[in-house]
Structure formats: C-alpha cells, structure tokens
Amino acid sequence: MQSRRTALKAILFAGVTGPVLVVNFPAAAQAATSLKEAYKGDFLIGAAINEAQITGKDARGDAIVEAQFNSISPENALKWEHVHPLPGKYDFVIPDQYVAFGEKNGMFIVGHTLVWHNQVPDWVFHDDKGDLLARDALLARMRDHIHTVVGRYKGRIQSWDVVNEALNEDGSLRQSLWYKIIGEDYIAKAFEYAHEADPQVQLTYNDYSLENAAKRNGAIALVTKLQAEGVPIMSVGLQGHDGLDWPTVEQQDATIAAFAKLGVKVVISELDIDVLPKATKEQTADVTLNIAQNPALNPYPNGLPDSVQQQLAKRYADLFGVFLKHRDAVTRVTFWGVTDADSWRNDWPVKGRTAYPLLFDRAGQPKPAYEAVIKVASR
Ligand code: G3I
C-alpha cells in the first residue's frame with residue numbers, strides 16, 4: 001500500500017527562508033478532504049449527475065460534485081429517448097453541457113448508455129408502417145446512432161456503457177427487441193460500431209446483480225465469447241444497486257475477482273445502498289417495477305435513525321474494503337446520484353419514499369457513511 005496510508009507528511013514552513021519541518025501523523029489522524037483525494041492512485045470516484053446539475057440549476061449539487069468527484073456519468077441525458085427522440089432528430093443540448101461540465105473540471109467523462117431495452121423509443125424497432133424492422137435495417141439504425149453519438153464526443157468522453165442489462169437473472173440473454181430482431185450478435189455489433197466511432201474510448205458491458213452466481217456466470221460466458229471473437233470489450237460495469245445484506249462481501253469479492261481473471265477492468269458503475277424495506281423478493285434494478293405505496297415500506301419519512309445510519313456506514317466501509325483489495329482491477333467507483341434527495345431510489349420500486357442510499361444527505365451534508373468510506377482509504 002502507498003505510504004500515504006500509513007503517515008501524513010505535513011510540511012510546515014517556519015518562514016520563507018526558515019527551516020522545513022516534516023511531521024508524520026498516525027494514519028488515524030489523516031483526514032482526506034474529499035473522496036477523490038482519498039482514493040487517488042486507487043481508482044476514480046464518480047457520481048451520476050442529473051439535468052439540474054448538468055445545467056447549473058443545482059448549484060449546491062455542483063459544488064459537491066466538483067469538490068468530491070473526478071468522474072461523472074449522465075443519469076439520463078445520453079439515453080436514446082433523450083438524445084435521439086425521433087428518426088433523424090438528435091438533441092445534443094443537454095449532452096453538450098454535460099461533456100462541457102466534465103471538461104471544465106478535468107473529469108473522466110462516462111457515456112451511458114448506447115444499447116438498452118429501456119428508455120429507447122418504439123420507433124427504433126419499427127418501420128413506417130409500424131411493422132418490426134428486419135435485422136439489417138435495425139443494425140443500420142443502431143450503427144447510425146452509435147456513430148453519431150460516440151462520434152460527436154470522440155476523444156472527449158472517455159468510456160461508454162455500450163450495452164446495458166442484456167442478461168436475465170438466470171444468466172441467459174434477455175429477449176429484448178434488440179435480441180429478437182438482430183440475434184445474439186447485436187452485442188458484438190454494438191461494441192464494433194462504438195470502436196469504429198472512437199478507437200480510443202473504453203468500452204463497457206454494464207449490468208446489475210452480477211454478484212449472483214447464475215447471472216455472473218452468464219456474463220462471464222458472454223465476455224469470454226466476445227473476447228474469443230476479437231470484440232473490443234474492455235471492462236465490465238457492476239452497477240452496485242445494493243442493499244444492507246446483499247451482495248455479501250464474499251459475493252462482491254468473488255465477482256470482481258472472476259471478471260479480473262478474464263483480463264477486463266471492473267467498474268462499480270451505479271453504486272447506492274438501499275436501507276428501506278425490500279419491496280420485491282428478487283434482487284433487481286428493473287426500472288419497470290412499480291409497487292403500490294404502503295407506509296410500512298417507507299419507515300423513515302422524517303429522518304434516518306442513528307442505528308441505521310451506522311449500519312449504512314459499516315456496509316459502505318465493508319464494500320469499499322473489497323473494492324480497495326481489488327484496486328488493480330477496479331478503475332472507477334461511481335455513485336448513482338449526488339445526494340439522497342436526487343436518488344432514483346426515492347421513486348423505485350415504490351413511488352414517493354424517503355430513501356437514504358448515498359453519502360450526502362438531503363441538506364448536502366456528508367453522512368457517517370461518507371466518513372466511513374474516507375476512513376477505509378486511510379488504512
Ligand atoms: O423528466 C421527467 C419529468 O419531466 C416528470 O415530471 C417526472 C415524473 O415522474 O418524470 C421525469 O422522468 C423520470 C426520469 O427518470 C428523470 O427523473 C422518469 O419518469 C423516470 O422513469 C426516470 O428514471 C430513470 C431510470 O433509470 C429509468 O430507466 C432514473 O432517473 C435513472 O436513475 C435510472 O437509471 C438506471 C440506469 O440507467 C441503468 N441501471 C439502473 C438505473 C437505476 O434504475
């Protein structure tokens with residue numbers, strides 16, 4: 001481990017021409033001023049940002065992003081329905097501001113996401129008569145989209161989530177319209193098109209619940225097949241929509257190790273930890289779920305009890321311990337949102353709950369979980 005973990009060198013100048021005193025403080029006294037500083041040399045620390053943050057309307061959120069993070073992901077701005085709402089009509093107003101925000105702050109800029117079964121308009125899969133497209137026509141549409149969007153930000157966006165959530169929970173390929181119309185090589189084609197559009201950009205396969213063995217095995221088989229075919233896949237994104245008891249530390253550890261063994265980098269791409277009662281049996285991040293409201297599912301409308309706050313902090317510390325152990329494979333840990341007020345968890349899978357999944361509270365203040373994450377880095 002780096003020496004900064006064991007001692008802090010504080011250089012105190014006794015005057016411009018006076019002696020220089022170097023003091024070593026014990027690790028416990030080390031107080032990193034930000035997440036990005038704490039994990040410098042280990043991995044990037046990112047946040048997904050929303051439209052208010054991209055456009056500068058959320059000045060408080062932007063200040064947190066600028067102070068704490070060295071990577072950004074667009075929570076929604078680069079999804080197909082936003083950037084390419086109608087045939088031949090691209091809308092780059094918000095995406096351009098997103099990329100400019102990252103460049104202004106010298107950040108590692110992520111593109112999310114090119115090929116997904118959600119937030120993609122129906123017209124993409126249909127012809128003028130409303131019939132499903134044939135394979136070649138859909139491939140042509142996919143290629144146009146990828147070339148236009150990736151090409152526009154060539155050399156400015158550093159990493160793209162090329163294909164998102166292509167797997168079922170049992171590890172088989174999801175029967176999306178991409179799959180049904182093109183066939184299973186739609187995934188390889190998406191990566192090839194992205195690579196053509198920007199040969200330097202990092203290309204990622206991104207999915208949730210890969211910590212569960214069956215789905216993980218499906219992803220391992222997919223990555224292995226793509227590699228054997230020479231498809232330019234460089235990293236796997238473990239979304240990390242976690243709970244207090246899932247995934248276990250062992251599952252997280254084994255999952256990162258399994259992908260690292262394949263020679264791809266690992267990204268924790270959408271991290272948040274849910275403390276609310278589970279509203280579904282399955283461990284999922286399926287955005288189409290909408291479960292009825294019920295006060296029992298929203299137990300902390302007025303604030304998080306300290307005991308749960310401490311549980312959340314310990315849970316974050318445990319997971320960051322695993323990420324740090326795999327610092328050679330893990331290149332980035334991105335939180336899915338900035339403060340608890342921003343989180344998609346407030347409206348999923350039950351609308352209108354008060355969720356507490358992130359490191360900053362509704363007032364923009366760091367939570368005990370923030371301190372816990374910083375502390376892991378200073379071990
Ligand atoms: O913009 C409209 C707004 O005008 C309207 O008033 C409001 C009413 O509900 O809806 C707003 O749109 C919402 C949008 O987020 C922006 O907040 C959509 O309803 C809502 O469905 C959409 O949810 C997003 C979700 O993806 C949809 O697929 C979440 O913000 C976003 O965090 C979430 O992100 C996904 C990743 O892309 C992939 N992995 C899972 C992750 C979490 O679901």
# chains A, B, ... in the order shown; residues from 1 in each chain; ligands from 1

call {"tool": "residues_near_ligand", "arguments": {"ligand": "ligand 1", "cutoff": "6 Å", "atoms": "only C-alpha atoms and all ligand atoms", "output": "ChimeraX atom specification"}}
result
/A:75,118-119,285,287,344

call {"tool": "residues_around", "arguments": {"residues": "range 247-256 of chain A", "least_positions_apart": "2", "cutoff": "10 Å", "atoms": "only C-alpha atoms", "output": "JSON, numbers by chain"}}
result
{"A": [209, 210, 211, 212, 213, 216, 217, 220, 236, 238, 240, 241, 242, 243, 244, 245, 258, 259, 260, 261, 265, 266, 267, 268, 283, 315, 318, 319, 320, 321, 322, 323, 325, 326, 329, 330]}

call {"tool": "atom_distance", "arguments": {"atom1": "CA of Ala166 in chain A", "atom2": "CA of Thr113 in chain A"}}
result
12.2 Å

call {"tool": "atom_distance", "arguments": {"atom1": "CA of Thr148 in chain A", "atom2": "CA of Asp62 in chain A"}}
result
28.2 Å

call {"tool": "select_by_dssp", "arguments": {"residues": "range 73-179 of chain A", "states": "strand (DSSP E or B)", "output": "PDB file with N, CA, C and O atoms, in the first residue's frame"}}
result
ATOM      1  N   SER A  73     -21.061  10.529 -14.634  1.00  0.00           N
ATOM      2  CA  SER A  73     -21.901   9.751 -15.557  1.00  0.00           C
ATOM      3  C   SER A  73     -23.206  10.524 -15.721  1.00  0.00           C
ATOM      4  O   SER A  73     -23.649  11.185 -14.788  1.00  0.00           O
ATOM      5  N   PRO A  74     -23.833  10.434 -16.889  1.00  0.00           N
ATOM      6  CA  PRO A  74     -25.105  11.144 -17.078  1.00  0.00           C
ATOM      7  C   PRO A  74     -26.253  10.234 -16.639  1.00  0.00           C
ATOM      8  O   PRO A  74     -26.452   9.160 -17.221  1.00  0.00           O
ATOM      9  N   LEU A  86     -36.473  11.160 -32.107  1.00  0.00           N
ATOM     10  CA  LEU A  86     -37.238  10.874 -33.328  1.00  0.00           C
ATOM     11  C   LEU A  86     -36.269  10.464 -34.428  1.00  0.00           C
ATOM     12  O   LEU A  86     -35.080  10.821 -34.381  1.00  0.00           O
ATOM     13  N   LYS A  89     -33.588  12.836 -35.761  1.00  0.00           N
ATOM     14  CA  LYS A  89     -33.531  14.030 -34.905  1.00  0.00           C
ATOM     15  C   LYS A  89     -32.715  13.739 -33.642  1.00  0.00           C
ATOM     16  O   LYS A  89     -33.147  12.984 -32.765  1.00  0.00           O
ATOM     17  N   PHE A 108     -13.042  12.517 -15.660  1.00  0.00           N
ATOM     18  CA  PHE A 108     -13.184  11.354 -16.528  1.00  0.00           C
ATOM     19  C   PHE A 108     -14.682  11.251 -16.853  1.00  0.00           C
ATOM     20  O   PHE A 108     -15.513  11.091 -15.957  1.00  0.00           O
ATOM     21  N   ILE A 109     -15.004  11.367 -18.134  1.00  0.00           N
ATOM     22  CA  ILE A 109     -16.403  11.511 -18.540  1.00  0.00           C
ATOM     23  C   ILE A 109     -16.927  10.194 -19.111  1.00  0.00           C
ATOM     24  O   ILE A 109     -16.338   9.624 -20.035  1.00  0.00           O
ATOM     25  N   VAL A 110     -18.048   9.750 -18.548  1.00  0.00           N
ATOM     26  CA  VAL A 110     -18.633   8.472 -18.946  1.00  0.00           C
ATOM     27  C   VAL A 110     -19.862   8.723 -19.824  1.00  0.00           C
ATOM     28  O   VAL A 110     -20.634   9.663 -19.581  1.00  0.00           O
ATOM     29  N   GLY A 111     -20.038   7.891 -20.830  1.00  0.00           N
ATOM     30  CA  GLY A 111     -21.252   7.912 -21.649  1.00  0.00           C
ATOM     31  C   GLY A 111     -22.147   6.748 -21.250  1.00  0.00           C
ATOM     32  O   GLY A 111     -21.700   5.603 -21.168  1.00  0.00           O
ATOM     33  N   HIS A 112     -23.414   7.028 -20.985  1.00  0.00           N
ATOM     34  CA  HIS A 112     -24.362   5.997 -20.542  1.00  0.00           C
ATOM     35  C   HIS A 112     -25.697   6.297 -21.197  1.00  0.00           C
ATOM     36  O   HIS A 112     -26.217   7.385 -20.965  1.00  0.00           O
ATOM     37  N   THR A 113     -26.244   5.463 -22.016  1.00  0.00           N
ATOM     38  CA  THR A 113     -25.782   4.178 -22.481  1.00  0.00           C
ATOM     39  C   THR A 113     -26.247   4.003 -23.919  1.00  0.00           C
ATOM     40  O   THR A 113     -27.245   4.616 -24.303  1.00  0.00           O
ATOM     41  N   LEU A 114     -25.584   3.205 -24.727  1.00  0.00           N
ATOM     42  CA  LEU A 114     -25.907   3.173 -26.161  1.00  0.00           C
ATOM     43  C   LEU A 114     -27.034   2.208 -26.512  1.00  0.00           C
ATOM     44  O   LEU A 114     -27.977   2.568 -27.202  1.00  0.00           O
ATOM     45  N   VAL A 115     -26.941   0.969 -26.066  1.00  0.00           N
ATOM     46  CA  VAL A 115     -27.929  -0.045 -26.454  1.00  0.00           C
ATOM     47  C   VAL A 115     -28.531  -0.664 -25.201  1.00  0.00           C
ATOM     48  O   VAL A 115     -27.860  -1.357 -24.446  1.00  0.00           O
ATOM     49  N   HIS A 126     -39.347  -0.173 -35.374  1.00  0.00           N
ATOM     50  CA  HIS A 126     -40.447  -0.308 -36.341  1.00  0.00           C
ATOM     51  C   HIS A 126     -40.204   0.494 -37.621  1.00  0.00           C
ATOM     52  O   HIS A 126     -39.514   1.513 -37.596  1.00  0.00           O
ATOM     53  N   LEU A 132     -42.296  -4.570 -37.423  1.00  0.00           N
ATOM     54  CA  LEU A 132     -40.946  -4.707 -36.874  1.00  0.00           C
ATOM     55  C   LEU A 132     -39.922  -4.646 -38.001  1.00  0.00           C
ATOM     56  O   LEU A 132     -40.141  -5.210 -39.079  1.00  0.00           O
ATOM     57  N   SER A 159     -15.250   6.858 -21.658  1.00  0.00           N
ATOM     58  CA  SER A 159     -15.731   5.492 -21.513  1.00  0.00           C
ATOM     59  C   SER A 159     -17.214   5.426 -21.842  1.00  0.00           C
ATOM     60  O   SER A 159     -17.980   6.307 -21.423  1.00  0.00           O
ATOM     61  N   TRP A 160     -17.606   4.419 -22.587  1.00  0.00           N
ATOM     62  CA  TRP A 160     -19.036   4.245 -22.923  1.00  0.00           C
ATOM     63  C   TRP A 160     -19.569   2.943 -22.351  1.00  0.00           C
ATOM     64  O   TRP A 160     -18.934   1.888 -22.464  1.00  0.00           O
ATOM     65  N   ASP A 161     -20.756   3.003 -21.744  1.00  0.00           N
ATOM     66  CA  ASP A 161     -21.529   1.796 -21.456  1.00  0.00           C
ATOM     67  C   ASP A 161     -22.185   1.440 -22.784  1.00  0.00           C
ATOM     68  O   ASP A 161     -23.148   2.096 -23.199  1.00  0.00           O
ATOM     69  N   VAL A 162     -21.638   0.445 -23.455  1.00  0.00           N
ATOM     70  CA  VAL A 162     -22.090   0.152 -24.819  1.00  0.00           C
ATOM     71  C   VAL A 162     -23.408  -0.609 -24.794  1.00  0.00           C
ATOM     72  O   VAL A 162     -24.381  -0.235 -25.439  1.00  0.00           O
ATOM     73  N   VAL A 163     -23.432  -1.696 -24.050  1.00  0.00           N
ATOM     74  CA  VAL A 163     -24.654  -2.488 -23.927  1.00  0.00           C
ATOM     75  C   VAL A 163     -25.002  -2.565 -22.446  1.00  0.00           C
ATOM     76  O   VAL A 163     -24.137  -2.816 -21.601  1.00  0.00           O
ATOM     77  N   ASN A 164     -26.270  -2.322 -22.156  1.00  0.00           N
ATOM     78  CA  ASN A 164     -26.740  -2.252 -20.773  1.00  0.00           C
ATOM     79  C   ASN A 164     -27.774  -3.349 -20.520  1.00  0.00           C
ATOM     80  O   ASN A 164     -28.752  -3.461 -21.266  1.00  0.00           O
ATOM     81  N   LEU A 167     -28.718  -9.279 -19.854  1.00  0.00           N
ATOM     82  CA  LEU A 167     -28.869 -10.626 -19.284  1.00  0.00           C
ATOM     83  C   LEU A 167     -30.090 -10.747 -18.381  1.00  0.00           C
ATOM     84  O   LEU A 167     -30.455  -9.805 -17.669  1.00  0.00           O
ATOM     85  N   LEU A 173     -29.616 -14.772 -22.223  1.00  0.00           N
ATOM     86  CA  LEU A 173     -29.758 -13.436 -22.826  1.00  0.00           C
ATOM     87  C   LEU A 173     -31.222 -12.992 -22.788  1.00  0.00           C
ATOM     88  O   LEU A 173     -32.133 -13.765 -23.074  1.00  0.00           O
TER      89      LEU A 173
END

call {"tool": "closest_residue", "arguments": {"among": "A:Trp116, A:Tyr356, A:Tyr90, A:Tyr316", "to": "Leu304 in chain A", "atoms": "only C-alpha atoms"}}
result
A:Tyr356
